[in-house]
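Student: Here it is, the structure, as structure tokens.
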Amino acid sequence: MPDFDKAVYLFLVLAATVTTALALAPVHLHRSLFRRHSKPALVQTGHLLLRAALVGLALVMTGAVLLIFDVATHDRSLALTAAVSVAALLAVLGMLPRIVRIDRVQARLERAAR
């Protein structure tokens with residue numbers, strides 16, 4: 001295995017481990033702090049941890065695309081493929097909340113019009 005592929009692989013293993021820990025941390029916090037009147041702090045911390053986990057997930061998925069394309073084709077110029085995949089992931093993750101908000105606003109307007 002070439003040094004580049006090995007380095008990317010090892011980085012992805014570490015990034016996936018950290019991402020998993022970030023995604024599971026809000027569950028642990030909730031179970032630990034349940035009924036201790038700390039809901040605002042719990043919600044805010046959970047929100048930040050999950051946003052970080054989404055960034056980590058995008059990073060791991062992009063790195064996996066890069067590694068697979070590099071191993072399958074031996075063409076590192078396909079890093080562009082990885083960049084396009086992360087751009088698509090970020091676009092979806094960035095647009096989804098806006099789409100949901102737009103739907104919510106439209107539903108309110110329809111209810112108000114009745």
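A note on labels: chains of the structure tokens are A, B, ... as shown, every chain counts residues from 1, and ligands are counted from 1 in their shown order.
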Do you know which residues are at most 12 Å from A:Leu90 counting only C-alpha atoms, after dropping those on the same chain fewer than 6 positions away, and could you put them as a PyMOL selection string?

Tutor: chain A and resi 51+54-59+61-62+83-84+96-97

Student: Can you spit out the residues from that selection as a PDB file, in the first residue's frame, using C-alpha atoms?

Tutor:
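Writing done, so here's part_36.pdb:
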```pdb
ATOM      1  CA  ARG A  51     -23.067  19.721  14.088  1.00  0.00           C
ATOM      2  CA  LEU A  54     -21.969  16.100  10.683  1.00  0.00           C
ATOM      3  CA  VAL A  55     -18.798  17.906   9.643  1.00  0.00           C
ATOM      4  CA  GLY A  56     -16.785  14.826  10.648  1.00  0.00           C
ATOM      5  CA  LEU A  57     -19.135  12.599   8.674  1.00  0.00           C
ATOM      6  CA  ALA A  58     -18.722  14.775   5.585  1.00  0.00           C
ATOM      7  CA  LEU A  59     -14.944  14.607   6.042  1.00  0.00           C
ATOM      8  CA  MET A  61     -17.216  10.285   3.453  1.00  0.00           C
ATOM      9  CA  THR A  62     -15.109  12.581   1.295  1.00  0.00           C
ATOM     10  CA  ALA A  83     -14.068  17.771  -3.530  1.00  0.00           C
ATOM     11  CA  VAL A  84     -17.253  17.527  -5.585  1.00  0.00           C
ATOM     12  CA  LEU A  96     -32.145  20.930   4.094  1.00  0.00           C
ATOM     13  CA  PRO A  97     -32.838  23.180   7.120  1.00  0.00           C
TER      14      PRO A  97
END
```

Student: Excluding A:Asp70 and its own-chain neighbours fewer than 2 positions away, which residues fall within 12 Å of it when counting only C-alpha atoms? Please give them as a list in words.

Tutor: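 The residues satisfying every condition are Met1, Pro2, Phe4, Asp5, Lys6, Val8, Tyr9, Gly63, Ala64, Val65, Leu66, Leu67, Ile68, Ala72, Thr73, His74, Asp75, Arg76, Ser77, Leu78, Ala79, Leu80, Thr81 and Ala82 of chain A.
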
Student: Skipping near chain neighbours, those fewer than 4 positions away, what residues fall within 9 Å of A:Val43 using only C-alpha atoms, listed as a ChimeraX atom specification?

Tutor: /A:26,30,38-39,47-48

Student: Could you please determine the separation between atom CA of A:Asp103 and atom CA of A:Ala88 in Å, to one decimal place?

Tutor: 21.7 Å
